[in-house]
$ cat protein-v9.cif   # mmCIF, C-alpha atoms
data_work
loop_
_atom_site.label_atom_id
_atom_site.label_comp_id
_atom_site.auth_asym_id
_atom_site.auth_seq_id
_atom_site.Cartn_x
_atom_site.Cartn_y
_atom_site.Cartn_z
CA MET O 16 16.01 28.05 -16.05
CA GLY O 17 16.48 25.91 -19.13
CA HIS O 18 17.03 22.19 -19.14
CA LYS O 19 19.24 20.22 -21.49
CA TYR O 20 17.70 16.97 -22.69
CA GLU O 21 19.90 14.21 -24.06
CA PHE O 22 18.20 11.83 -26.42
CA PHE O 23 19.13 8.17 -26.66
CA GLY O 24 19.89 7.39 -30.30
CA PRO O 25 21.19 4.49 -32.43
CA SER O 26 24.80 5.63 -31.98
CA ASP O 27 24.44 5.02 -28.24
CA LEU O 28 23.63 1.38 -28.93
CA PHE O 29 25.93 0.47 -31.77
CA ASP O 30 29.13 1.58 -33.44
CA PHE O 31 31.35 -0.06 -36.03
CA PRO O 32 34.65 0.23 -34.13
CA THR O 33 33.25 -2.04 -31.41
CA LEU O 34 32.03 -4.53 -34.01
CA LEU O 35 35.42 -4.46 -35.74
CA LEU O 36 37.21 -4.97 -32.42
CA TYR O 37 35.07 -7.98 -31.54
CA LEU O 38 35.40 -9.57 -34.97
CA SER O 39 39.17 -9.14 -34.73
CA TYR O 40 39.15 -10.73 -31.29
CA PHE O 41 37.03 -13.66 -32.44
CA LEU O 42 39.31 -14.21 -35.43
CA LEU O 43 42.31 -14.10 -33.10
CA THR O 44 40.88 -16.87 -30.91
CA VAL O 45 40.22 -19.00 -34.01
CA THR O 46 43.73 -18.37 -35.32
CA LEU O 47 45.32 -19.30 -32.00
CA GLN O 48 43.48 -22.63 -32.01
CA TYR O 49 45.10 -23.44 -35.33
CA VAL O 50 48.62 -22.08 -34.86
CA LEU O 51 49.35 -22.95 -31.22
CA PRO O 52 50.45 -26.49 -30.38
CA GLY O 53 47.99 -28.76 -28.64
CA THR O 54 46.91 -32.33 -28.08
CA HIS O 55 44.13 -34.16 -29.87
CA ALA O 56 41.34 -36.08 -28.18
CA HIS O 57 38.36 -38.12 -29.30
CA GLY O 58 34.88 -37.26 -28.15
CA VAL O 59 32.32 -39.75 -26.89
CA LEU O 60 30.74 -42.33 -29.20
CA LEU O 61 27.87 -40.61 -31.01
CA SER O 62 24.58 -42.11 -32.13
CA ASN O 63 25.99 -42.73 -35.62
CA ASN O 64 28.83 -44.81 -34.09
CA THR O 65 31.50 -42.20 -34.81
CA ARG O 66 33.82 -40.19 -32.60
CA LEU O 67 34.87 -36.67 -33.47
CA THR O 68 38.42 -35.45 -33.00
CA TYR O 69 39.12 -32.22 -31.11
CA LYS O 70 42.27 -30.12 -30.86
CA LEU O 71 42.85 -29.06 -27.26
CA ASN O 72 44.93 -25.96 -26.63
CA ALA O 73 42.52 -23.54 -24.94
CA SER O 74 44.89 -22.92 -22.02
CA ALA O 75 47.72 -21.98 -24.41
CA SER O 76 45.39 -19.57 -26.21
CA PHE O 77 44.28 -18.03 -22.91
CA VAL O 78 47.84 -17.53 -21.69
CA THR O 79 48.87 -16.02 -25.03
CA ILE O 80 46.07 -13.44 -24.97
CA LEU O 81 46.67 -12.55 -21.32
CA SER O 82 50.40 -12.18 -22.02
CA LEU O 83 49.66 -9.67 -24.77
CA LEU O 84 47.35 -7.75 -22.45
CA ALA O 85 49.97 -7.76 -19.67
CA PHE O 86 52.66 -6.51 -22.04
CA PHE O 87 50.67 -3.52 -23.28
CA THR O 88 49.35 -2.75 -19.80
CA PHE O 89 52.94 -2.69 -18.55
CA LEU O 90 53.77 -0.16 -21.27
CA ARG O 91 50.64 1.99 -21.08
CA GLY O 92 49.21 1.36 -17.60
CA PRO O 93 45.49 1.57 -16.69
CA THR O 94 44.97 4.27 -19.31
CA TRP O 95 45.84 1.92 -22.18
CA SER O 96 43.43 2.58 -25.04
CA LEU O 97 41.90 -0.94 -24.92
CA TRP O 98 40.93 -0.61 -21.25
CA LEU O 99 39.45 2.81 -21.94
CA PHE O 100 37.58 1.57 -24.99
CA LEU O 101 36.02 -1.44 -23.26
CA TRP O 102 34.89 0.68 -20.33
CA GLU O 103 33.42 3.49 -22.40
CA HIS O 104 31.84 1.26 -25.06
CA ASN O 105 30.17 -1.27 -22.78
CA LEU O 106 26.71 -0.72 -24.23
CA HIS O 107 28.09 -0.95 -27.76
CA LEU O 108 29.65 -4.27 -26.78
CA VAL O 109 26.32 -5.52 -25.47
CA THR O 110 24.70 -4.79 -28.82
CA THR O 111 27.62 -6.22 -30.80
CA LEU O 112 27.64 -9.53 -28.91
CA ASN O 113 23.88 -9.91 -29.30
CA LEU O 114 24.02 -9.17 -33.03
CA PHE O 115 26.93 -11.55 -33.51
CA ALA O 116 25.14 -14.33 -31.59
CA PHE O 117 21.94 -13.82 -33.58
CA THR O 118 23.81 -13.85 -36.88
CA LEU O 119 25.83 -16.95 -36.03
CA SER O 120 22.73 -18.80 -34.78
CA THR O 121 20.88 -18.01 -38.00
CA ALA O 122 23.84 -19.07 -40.14
CA LEU O 123 24.11 -22.34 -38.20
CA TYR O 124 20.42 -23.08 -38.68
CA LEU O 125 20.57 -22.42 -42.42
CA TYR O 126 23.78 -24.46 -42.71
CA SER O 127 22.07 -27.40 -40.98
CA LEU O 128 19.50 -27.54 -43.80
CA ARG O 129 22.14 -28.57 -46.35
CA PRO O 130 21.79 -32.02 -47.92
CA GLY O 131 23.94 -34.80 -46.53
CA THR O 132 24.29 -37.12 -43.57
CA HIS O 133 25.49 -34.66 -40.92
CA LEU O 134 24.31 -35.59 -37.44
CA LEU O 135 21.34 -33.65 -36.08
CA ALA O 136 20.44 -33.18 -32.42
CA ALA O 137 17.46 -35.23 -31.27
CA GLY O 138 15.78 -32.17 -29.76
CA GLY O 139 16.31 -29.90 -32.75
CA GLN O 140 14.22 -31.69 -35.37
CA THR O 141 10.71 -30.51 -34.51
CA ASN O 142 10.09 -28.93 -37.93
CA THR O 143 9.25 -25.73 -36.07
CA PRO O 144 11.92 -23.39 -37.47
CA LEU O 145 11.98 -20.87 -34.62
CA TYR O 146 12.31 -23.56 -31.96
CA ASP O 147 14.93 -25.50 -33.91
CA TRP O 148 16.85 -22.26 -34.49
CA PHE O 149 16.81 -21.57 -30.76
CA ILE O 150 17.56 -25.05 -29.43
CA GLY O 151 19.98 -26.01 -32.19
CA ARG O 152 19.40 -28.32 -35.13
CA GLU O 153 22.86 -29.69 -35.89
CA LEU O 154 24.76 -31.50 -33.13
CA ASN O 155 28.38 -30.67 -33.99
CA PRO O 156 28.55 -28.10 -36.79
CA ARG O 157 31.92 -27.61 -38.42
CA PRO O 158 32.29 -24.92 -41.11
CA PRO O 159 33.21 -25.86 -44.69
CA PHE O 160 36.95 -25.80 -45.40
CA PHE O 161 37.58 -25.74 -41.62
CA SER O 162 36.48 -29.23 -40.70
CA SER O 163 38.78 -29.38 -37.68
CA LEU O 164 37.03 -26.39 -36.07
CA ASP O 165 34.16 -27.70 -33.97
CA LEU O 166 32.14 -24.54 -33.46
CA LYS O 167 30.22 -25.76 -30.45
CA SER O 168 33.17 -26.86 -28.32
CA PHE O 169 35.12 -23.80 -29.49
CA CYS O 170 32.43 -21.32 -28.46
CA GLU O 171 31.70 -23.25 -25.27
CA LEU O 172 35.16 -22.44 -23.93
CA ARG O 173 37.14 -19.85 -25.80
CA PRO O 174 35.74 -16.47 -26.92
CA GLY O 175 33.22 -15.91 -24.12
CA LEU O 176 35.22 -17.14 -21.14
CA THR O 177 38.35 -15.26 -22.17
CA LEU O 178 36.34 -12.08 -22.83
CA TRP O 179 34.82 -12.42 -19.35
CA THR O 180 38.34 -12.25 -17.88
CA ILE O 181 39.26 -9.32 -20.15
CA LEU O 182 36.21 -7.34 -19.02
CA ASN O 183 37.10 -7.96 -15.38
CA LEU O 184 40.61 -6.62 -16.00
CA SER O 185 39.13 -3.60 -17.78
CA ASN O 186 36.96 -2.95 -14.72
CA ILE O 187 39.99 -3.10 -12.41
CA ALA O 188 41.73 -0.51 -14.60
CA ALA O 189 38.59 1.65 -14.46
CA GLN O 190 38.47 1.48 -10.65
CA TYR O 191 42.05 2.71 -10.50
CA ARG O 192 41.34 5.56 -12.93
CA LEU O 193 38.22 6.60 -11.05
CA HIS O 194 39.47 6.33 -7.47
CA GLY O 195 43.25 6.09 -7.58
CA TYR O 196 43.41 2.70 -5.90
CA ILE O 197 42.38 -0.95 -6.37
CA THR O 198 40.37 -2.72 -3.65
CA ASP O 199 40.78 -6.24 -2.30
CA SER O 200 37.17 -7.06 -3.23
CA ILE O 201 37.54 -6.47 -6.97
CA VAL O 202 40.88 -8.31 -7.02
CA LEU O 203 39.39 -11.28 -5.14
CA ILE O 204 36.42 -11.66 -7.50
CA THR O 205 38.68 -11.32 -10.54
CA LEU O 206 41.04 -13.98 -9.18
CA PHE O 207 38.16 -16.34 -8.39
CA GLN O 208 36.72 -15.96 -11.84
CA PHE O 209 40.14 -16.09 -13.49
CA TRP O 210 40.78 -19.41 -11.77
CA TYR O 211 37.35 -20.69 -12.85
CA VAL O 212 38.18 -19.90 -16.48
CA LEU O 213 41.72 -21.27 -16.28
CA ASP O 214 40.47 -24.40 -14.55
CA SER O 215 37.99 -24.95 -17.39
CA TYR O 216 40.83 -24.66 -19.88
CA LEU O 217 43.14 -26.97 -17.94
CA HIS O 218 40.35 -29.56 -17.84
CA GLU O 219 39.37 -28.99 -21.46
CA PRO O 220 38.89 -32.73 -22.22
CA ALA O 221 36.13 -32.89 -19.59
CA VAL O 222 33.86 -30.63 -21.66
CA LEU O 223 33.74 -33.30 -24.38
CA THR O 224 31.62 -35.53 -22.11
CA THR O 225 29.09 -32.85 -21.10
CA MET O 226 25.50 -32.85 -22.30
CA ASP O 227 26.10 -29.54 -24.10
CA ILE O 228 28.56 -31.29 -26.40
CA THR O 229 27.16 -34.83 -26.62
CA THR O 230 23.41 -34.16 -26.77
CA ASP O 231 22.33 -30.55 -27.31
CA GLY O 232 22.22 -28.94 -30.71
CA PHE O 233 24.20 -25.77 -31.30
CA GLY O 234 21.53 -23.11 -31.62
CA HIS O 235 20.83 -19.66 -30.25
CA MET O 236 20.40 -20.92 -26.68
CA LEU O 237 24.03 -22.04 -26.47
CA VAL O 238 25.46 -19.47 -28.89
CA PHE O 239 23.99 -16.54 -26.97
CA GLY O 240 24.88 -18.08 -23.62
CA ASP O 241 28.49 -18.81 -24.59
CA LEU O 242 29.32 -15.62 -26.46
CA ALA O 243 27.16 -12.89 -24.93
CA TRP O 244 25.46 -13.83 -21.67
CA VAL O 245 28.51 -15.20 -19.88
CA PRO O 246 30.99 -12.34 -20.44
CA LEU O 247 28.41 -9.59 -20.01
CA THR O 248 26.48 -10.76 -16.95
CA TYR O 249 29.27 -12.57 -15.14
CA SER O 250 31.38 -9.39 -15.05
CA ILE O 251 28.63 -7.30 -13.42
CA GLN O 252 30.21 -7.61 -9.95
CA THR O 253 33.56 -6.13 -10.97
CA ARG O 254 31.89 -3.37 -13.01
CA TYR O 255 29.82 -2.43 -9.95
CA LEU O 256 32.93 -2.38 -7.77
CA ALA O 257 34.71 -0.14 -10.26
CA TYR O 258 32.07 2.49 -9.45
CA ASN O 259 31.50 1.53 -5.80
CA PRO O 260 34.69 0.28 -4.11
CA VAL O 261 34.34 -2.13 -1.18
CA ARG O 262 37.14 -2.99 1.24
CA LEU O 263 36.88 -6.46 2.80
CA GLY O 264 39.84 -6.54 5.14
CA PRO O 265 41.62 -9.75 6.28
CA TRP O 266 38.62 -11.40 7.94
CA GLY O 267 36.32 -10.63 5.04
CA ILE O 268 38.83 -12.07 2.60
CA LEU O 269 39.19 -15.23 4.71
CA ALA O 270 35.44 -15.75 4.94
CA VAL O 271 34.93 -15.41 1.20
CA LEU O 272 37.92 -17.65 0.50
CA LEU O 273 36.40 -20.43 2.62
CA VAL O 274 33.13 -20.19 0.67
CA HIS O 275 34.93 -20.33 -2.64
CA ILE O 276 37.26 -23.20 -1.72
CA THR O 277 34.31 -25.28 -0.47
CA GLY O 278 32.36 -24.74 -3.68
CA TYR O 279 35.34 -25.32 -5.92
CA ALA O 280 36.30 -28.55 -4.16
CA ILE O 281 32.81 -30.01 -4.62
CA PHE O 282 32.60 -28.81 -8.23
CA ARG O 283 36.02 -29.94 -9.43
CA LEU O 284 36.32 -33.23 -7.51
CA SER O 285 32.87 -34.41 -8.59
CA ASN O 286 33.38 -33.45 -12.23
CA SER O 287 36.80 -35.09 -12.31
CA GLN O 288 35.37 -38.26 -10.83
CA LYS O 289 32.60 -38.39 -13.42
CA ASN O 290 34.92 -37.69 -16.32
CA ALA O 291 37.42 -40.32 -15.15
CA PHE O 292 34.65 -42.92 -14.83
CA ARG O 293 33.25 -42.16 -18.27
CA THR O 294 36.70 -42.28 -19.82
CA ASN O 295 37.88 -45.47 -18.12
CA PRO O 296 35.73 -47.05 -15.38
CA ASN O 297 38.57 -49.48 -14.61
CA SER O 298 40.98 -46.69 -13.70
CA PRO O 299 42.38 -47.09 -10.15
CA SER O 300 40.99 -43.66 -9.22
CA VAL O 301 37.38 -44.71 -9.82
CA SER O 302 37.37 -48.54 -9.90
CA HIS O 303 36.15 -48.59 -6.28
CA LEU O 304 32.93 -46.75 -7.15
CA LYS O 305 29.66 -48.64 -7.14
CA SER O 306 27.68 -48.42 -10.36
CA MET O 307 24.39 -49.59 -11.78
CA PRO O 308 24.39 -51.32 -15.20
CA THR O 309 21.78 -50.21 -17.73
CA LYS O 310 20.15 -51.92 -20.68
CA ARG O 311 22.05 -49.53 -22.94
CA GLY O 312 25.27 -51.21 -21.87
CA THR O 313 26.54 -48.20 -19.90
CA LYS O 314 26.83 -47.73 -16.14
CA LEU O 315 25.53 -45.06 -13.78
CA ILE O 316 27.56 -44.14 -10.69
CA ILE O 317 25.69 -44.67 -7.40
CA SER O 318 28.44 -43.98 -4.86
CA GLY O 319 31.16 -41.42 -4.23
CA TRP O 320 30.23 -37.85 -5.10
CA TRP O 321 27.53 -39.05 -7.46
CA GLY O 322 25.91 -41.19 -4.80
CA MET O 323 25.16 -38.02 -2.80
CA ALA O 324 23.12 -36.28 -5.50
CA ARG O 325 22.47 -36.70 -9.20
CA HIS O 326 23.99 -33.28 -9.90
CA ILE O 327 26.27 -32.71 -6.94
CA ASN O 328 28.57 -30.64 -9.20
CA TYR O 329 25.78 -28.07 -9.56
CA PHE O 330 25.79 -27.60 -5.79
CA GLY O 331 29.49 -26.77 -5.79
CA ASP O 332 29.04 -24.42 -8.72
CA TRP O 333 26.27 -22.56 -6.87
CA ILE O 334 28.35 -22.21 -3.70
CA MET O 335 31.11 -20.63 -5.78
CA ALA O 336 28.56 -18.19 -7.15
CA TRP O 337 28.10 -16.79 -3.65
CA ALA O 338 31.83 -16.16 -3.35
CA TRP O 339 31.65 -14.08 -6.52
CA CYS O 340 28.87 -11.88 -5.11
CA LEU O 341 29.59 -11.51 -1.38
CA PRO O 342 32.64 -9.22 -1.91
CA THR O 343 30.28 -6.57 -3.34
CA ALA O 344 28.66 -6.28 0.13
CA PHE O 345 24.97 -5.43 0.27
CA GLY O 346 24.62 -2.03 -1.33
CA THR O 347 22.44 -3.33 -4.16
CA PRO O 348 20.63 -6.55 -5.07
CA LEU O 349 21.95 -6.20 -8.64
CA THR O 350 25.25 -7.89 -7.85
CA TYR O 351 23.36 -10.89 -6.43
CA PHE O 352 21.46 -11.36 -9.66
CA TYR O 353 23.97 -14.04 -10.63
CA VAL O 354 23.23 -16.20 -7.57
CA VAL O 355 19.48 -16.08 -8.20
CA TYR O 356 19.77 -16.55 -11.95
CA PHE O 357 22.26 -19.38 -11.54
CA ALA O 358 20.00 -21.24 -9.10
CA ILE O 359 17.13 -21.02 -11.59
CA LEU O 360 19.43 -22.12 -14.41
CA LEU O 361 20.74 -25.13 -12.49
CA ILE O 362 17.26 -26.25 -11.43
CA HIS O 363 16.03 -25.92 -15.02
CA ARG O 364 19.07 -27.76 -16.34
CA ASP O 365 18.53 -30.53 -13.78
CA ARG O 366 14.91 -30.93 -14.90
CA ARG O 367 15.92 -30.91 -18.55
CA ASP O 368 18.64 -33.48 -17.95
CA ASP O 369 16.22 -35.63 -15.97
CA ALA O 370 13.76 -35.67 -18.88
CA ALA O 371 16.53 -36.49 -21.35
CA CYS O 372 17.91 -39.31 -19.18
CA LYS O 373 14.43 -40.75 -18.63
CA LYS O 374 14.01 -40.95 -22.38
CA LYS O 375 17.52 -42.35 -22.79
CA TYR O 376 17.51 -44.98 -20.03
CA GLY O 377 13.81 -45.72 -19.55
CA GLU O 378 13.04 -47.89 -16.51
CA ASP O 379 16.70 -47.94 -15.54
CA TRP O 380 16.55 -44.21 -14.86
CA GLU O 381 13.65 -44.62 -12.43
CA LYS O 382 15.59 -47.35 -10.64
CA TYR O 383 18.64 -45.09 -10.51
CA LYS O 384 16.61 -42.24 -8.99
CA ARG O 385 15.47 -44.55 -6.21
CA LEU O 386 19.12 -45.28 -5.42
CA VAL O 387 20.29 -41.64 -5.71
CA LYS O 388 17.21 -39.70 -4.63
CA TRP O 389 18.57 -36.18 -4.19
CA ARG O 390 18.80 -33.92 -7.24
CA ILE O 391 21.39 -31.24 -6.35
CA VAL O 392 21.66 -30.59 -2.60
CA PRO O 393 21.95 -33.77 -0.50
CA GLY O 394 19.20 -33.95 2.09
CA VAL O 395 17.49 -30.81 0.81
CA TYR O 396 16.66 -30.99 -2.91
#
$ encode --input "protein-v9.cif" --output "structure tokens"
Amino acid sequence: MGHKYEFFGPSDLFDFPTLLLYLSYFLLTVTLQYVLPGTHAHGVLLSNNTRLTYKLNASASFVTILSLLAFFTFLRGPTWSLWLFLWEHNLHLVTTLNLFAFTLSTALYLYSLRPGTHLLAAGGQTNTPLYDWFIGRELNPRPPFFSSLDLKSFCELRPGLTLWTILNLSNIAAQYRLHGYITDSIVLITLFQFWYVLDSYLHEPAVLTTMDITTDGFGHMLVFGDLAWVPLTYSIQTRYLAYNPVRLGPWGILAVLLVHITGYAIFRLSNSQKNAFRTNPNSPSVSHLKSMPTKRGTKLIISGWWGMARHINYFGDWIMAWAWCLPTAFGTPLTYFYVVYFAILLIHRDRRDDAACKKKYGEDWEKYKRLVKWRIVPGVY
């Protein structure tokens, strides 16, 4: 009895239609930033005593794209060509996003070598090209002739997060095509993650005070994470459920909801408190907080959410991660990859932030750590 062997070739990894689709999508997100109305905000004071201006309209862009998707889905249903294409060309998309991230990272590194006084990231000037390419050499690169487009803040929020939502919707359509129904589990995860993305867009000004924007260079680490890693790995749960439906029932839904609400409350309330304090420490919402003055002239919060742990927001973020995985049940450890990976990421980020703050604040940071001794989980870590 003969056997038919199928060989894995280059066409299985890459095709030009997928590349063209992604480039069109990326260009669309850039265009929407320019043409849609929005507010303008100033970033934090940088080391060269300047503040960059940012146009904020990510939520309007998100709603516009989702409205287009809803319109064509209403006309075509779950068999709309885009949903079919994304499902069938998933591996091509993986390759495309990786190639795009590599190309953009390389272009950013080469662009940072231009003469001039553009601000470089402190950690990206090691004179070791590969490391500087990876960690990011320039702090806030803006392309020539498009000086209002801050590539780092743009990529941090827009293309990757919106694509994450689109892939989840594509996976819901696939579940319906494969099984003839849509389960509560895949809907719940999609709603959780949709709210996470929308919440990020609604609180767009808060990203301007994060270490990613104020301190880190924009290199392959962030480019790959923003554009490829997030949409591809964070949608694993819904892709799994498209193949393997799970029904939670009312009690299962309630249990997962409680986990998610708890995590979200810690994450959002703590981040909002920090952002409000950094923006205006005299605001009535945060004026009651105790703080520790530093020799740099800034203050560190030592009460409220930030008196519990130095990165209490990470704890809330990690709890939410469980709510994104539990609806897949326990048929495979693959869908819990995100919880494990995210824990490692948060611990690494905490250690990296600790080293950066020690260098930034010196003895004041050691004093602060004695006052707020827990890193992420109060009483545990």
$ closest_residue --input "protein-v9.cif" --among "O:Ile80, O:Leu97, O:Leu166, O:Ala338" --to "O:Leu206" --atoms "only C-alpha atoms"
O:Ala338
$ resolve_selection --input "protein-v9.cif" --expression "the PyMOL selection byres ((chain O and resi 221) around 12)" --output "PDB file with C-alpha atoms, in the frame of the given file"
ATOM      1  CA  ALA O  56      41.340 -36.080 -28.180  1.00  0.00           C
ATOM      2  CA  HIS O  57      38.360 -38.120 -29.300  1.00  0.00           C
ATOM      3  CA  GLY O  58      34.880 -37.260 -28.150  1.00  0.00           C
ATOM      4  CA  VAL O  59      32.320 -39.750 -26.890  1.00  0.00           C
ATOM      5  CA  TYR O  69      39.120 -32.220 -31.110  1.00  0.00           C
ATOM      6  CA  LEU O  71      42.850 -29.060 -27.260  1.00  0.00           C
ATOM      7  CA  SER O 168      33.170 -26.860 -28.320  1.00  0.00           C
ATOM      8  CA  LEU O 172      35.160 -22.440 -23.930  1.00  0.00           C
ATOM      9  CA  ASP O 214      40.470 -24.400 -14.550  1.00  0.00           C
ATOM     10  CA  SER O 215      37.990 -24.950 -17.390  1.00  0.00           C
ATOM     11  CA  TYR O 216      40.830 -24.660 -19.880  1.00  0.00           C
ATOM     12  CA  LEU O 217      43.140 -26.970 -17.940  1.00  0.00           C
ATOM     13  CA  HIS O 218      40.350 -29.560 -17.840  1.00  0.00           C
ATOM     14  CA  GLU O 219      39.370 -28.990 -21.460  1.00  0.00           C
ATOM     15  CA  PRO O 220      38.890 -32.730 -22.220  1.00  0.00           C
ATOM     16  CA  VAL O 222      33.860 -30.630 -21.660  1.00  0.00           C
ATOM     17  CA  LEU O 223      33.740 -33.300 -24.380  1.00  0.00           C
ATOM     18  CA  THR O 224      31.620 -35.530 -22.110  1.00  0.00           C
ATOM     19  CA  THR O 225      29.090 -32.850 -21.100  1.00  0.00           C
ATOM     20  CA  MET O 226      25.500 -32.850 -22.300  1.00  0.00           C
ATOM     21  CA  ASP O 227      26.100 -29.540 -24.100  1.00  0.00           C
ATOM     22  CA  ILE O 228      28.560 -31.290 -26.400  1.00  0.00           C
ATOM     23  CA  THR O 229      27.160 -34.830 -26.620  1.00  0.00           C
ATOM     24  CA  ARG O 283      36.020 -29.940  -9.430  1.00  0.00           C
ATOM     25  CA  SER O 285      32.870 -34.410  -8.590  1.00  0.00           C
ATOM     26  CA  ASN O 286      33.380 -33.450 -12.230  1.00  0.00           C
ATOM     27  CA  SER O 287      36.800 -35.090 -12.310  1.00  0.00           C
ATOM     28  CA  GLN O 288      35.370 -38.260 -10.830  1.00  0.00           C
ATOM     29  CA  LYS O 289      32.600 -38.390 -13.420  1.00  0.00           C
ATOM     30  CA  ASN O 290      34.920 -37.690 -16.320  1.00  0.00           C
ATOM     31  CA  ALA O 291      37.420 -40.320 -15.150  1.00  0.00           C
ATOM     32  CA  PHE O 292      34.650 -42.920 -14.830  1.00  0.00           C
ATOM     33  CA  ARG O 293      33.250 -42.160 -18.270  1.00  0.00           C
ATOM     34  CA  THR O 294      36.700 -42.280 -19.820  1.00  0.00           C
TER      35      THR O 294
END
$ resolve_selection --input "protein-v9.cif" --expression "the PyMOL selection byres ((chain O and resi 175-178) around 8)" --output "list of chain:residue names"
O:Phe77, O:Cys170, O:Glu171, O:Leu172, O:Arg173, O:Pro174, O:Trp179, O:Thr180, O:Ile181, O:Leu182, O:Val212, O:Asp241, O:Leu242, O:Ala243, O:Val245, O:Pro246
$ resolve_selection --input "protein-v9.cif" --expression "the PyMOL selection byres ((chain O and resi 137-152) around 9)" --output "MDAnalysis selection string"
chainID O and resid 120:121 123:125 127:128 135:136 153:154 230:237
$ closest_residue --input "protein-v9.cif" --among "O:Leu38, O:Leu341, O:Ala73, O:Leu67" --to "O:Ser162" --atoms "only C-alpha atoms"
O:Leu67
$ closest_residue --input "protein-v9.cif" --among "O:Ile276, O:Cys372, O:Ala257, O:Ile316" --to "O:Ser302" --atoms "all atoms listed in the file"
O:Ile316
$ residues_around --input "protein-v9.cif" --residues "O:Leu193" --least-positions-apart "5" --cutoff "10 Å" --atoms "only C-alpha atoms" --output "list in words"
Ile187, Ala188, Ala257, Tyr258 and Asn259 of chain O
$ atom_distance --input "protein-v9.cif" --atom1 "atom CA of O:Leu256" --atom2 "atom CA of O:Pro93"
15.9 Å
$ atom_distance --input "protein-v9.cif" --atom1 "atom CA of O:Met323" --atom2 "atom CA of O:Leu386"
9.8 Å
$ atom_distance --input "protein-v9.cif" --atom1 "atom CA of O:Leu284" --atom2 "atom CA of O:Trp333"
14.7 Å
$ closest_residue --input "protein-v9.cif" --among "O:Tyr196, O:Phe100, O:Tyr329, O:Trp321" --to "O:Pro32" --atoms "only C-alpha atoms"
O:Phe100
$ residues_around --input "protein-v9.cif" --residues "O:Phe161" --least-positions-apart "6" --cutoff "12 Å" --atoms "all atoms listed in the file" --output "ChimeraX atom specification"
/O:45-46,48-49
$ closest_residue --input "protein-v9.cif" --among "O:Lys375, O:Arg325, O:Lys70, O:Lys382" --to "O:Ile362" --atoms "only C-alpha atoms"
O:Arg325
$ residues_around --input "protein-v9.cif" --residues "O:Val354" --least-positions-apart "3" --cutoff "6 Å" --atoms "only C-alpha atoms" --output "JSON, numbers by chain"
{"O": [336, 351, 357]}
$ closest_residue --input "protein-v9.cif" --among "O:Thr68, O:Ser185, O:Thr79, O:Asn113" --to "O:Asp165" --atoms "all atoms listed in the file"
O:Thr68
$ residues_around --input "protein-v9.cif" --residues "O:Gln252" --least-positions-apart "2" --cutoff "10 Å" --atoms "only C-alpha atoms" --output "ChimeraX atom specification"
/O:183,186,200-201,204-205,248-250,254-257,339-343,349-353
$ residues_around --input "protein-v9.cif" --residues "O:Thr277" --least-positions-apart "2" --cutoff "8 Å" --atoms "only C-alpha atoms" --output "ChimeraX atom specification"
/O:273-275,279-281,331,334-335
$ build_atoms --input "protein-v9.cif" --residues "stretch 379-390 of chain O" --atoms "N, CA and C atoms" --output "compact mmCIF listing (two decimals), keeping the file's coordinate frame"
# COMPACT_ATOMS: atom_id res chain seq x y z
N ASP O 379 15.45 -47.98 -16.29
CA ASP O 379 16.70 -47.94 -15.54
C ASP O 379 16.89 -46.60 -14.84
N TRP O 380 16.40 -45.53 -15.46
CA TRP O 380 16.55 -44.21 -14.86
C TRP O 380 15.70 -44.08 -13.60
N GLU O 381 14.50 -44.65 -13.61
CA GLU O 381 13.65 -44.62 -12.43
C GLU O 381 14.28 -45.43 -11.29
N LYS O 382 14.89 -46.54 -11.64
CA LYS O 382 15.59 -47.35 -10.64
C LYS O 382 16.77 -46.58 -10.06
N TYR O 383 17.49 -45.89 -10.94
CA TYR O 383 18.64 -45.09 -10.51
C TYR O 383 18.20 -43.97 -9.55
N LYS O 384 17.08 -43.33 -9.84
CA LYS O 384 16.61 -42.24 -8.99
C LYS O 384 16.18 -42.74 -7.61
N ARG O 385 15.78 -43.99 -7.52
CA ARG O 385 15.47 -44.55 -6.21
C ARG O 385 16.74 -44.79 -5.40
N LEU O 386 17.84 -45.05 -6.09
CA LEU O 386 19.12 -45.28 -5.42
C LEU O 386 19.82 -43.96 -5.06
N VAL O 387 19.71 -42.98 -5.95
CA VAL O 387 20.29 -41.64 -5.71
C VAL O 387 19.12 -40.66 -5.77
N LYS O 388 18.50 -40.40 -4.62
CA LYS O 388 17.21 -39.70 -4.63
C LYS O 388 17.31 -38.18 -4.65
N TRP O 389 18.46 -37.64 -4.23
CA TRP O 389 18.57 -36.18 -4.19
C TRP O 389 19.04 -35.64 -5.53
N ARG O 390 18.48 -34.50 -5.93
CA ARG O 390 18.80 -33.92 -7.24
C ARG O 390 20.13 -33.14 -7.22
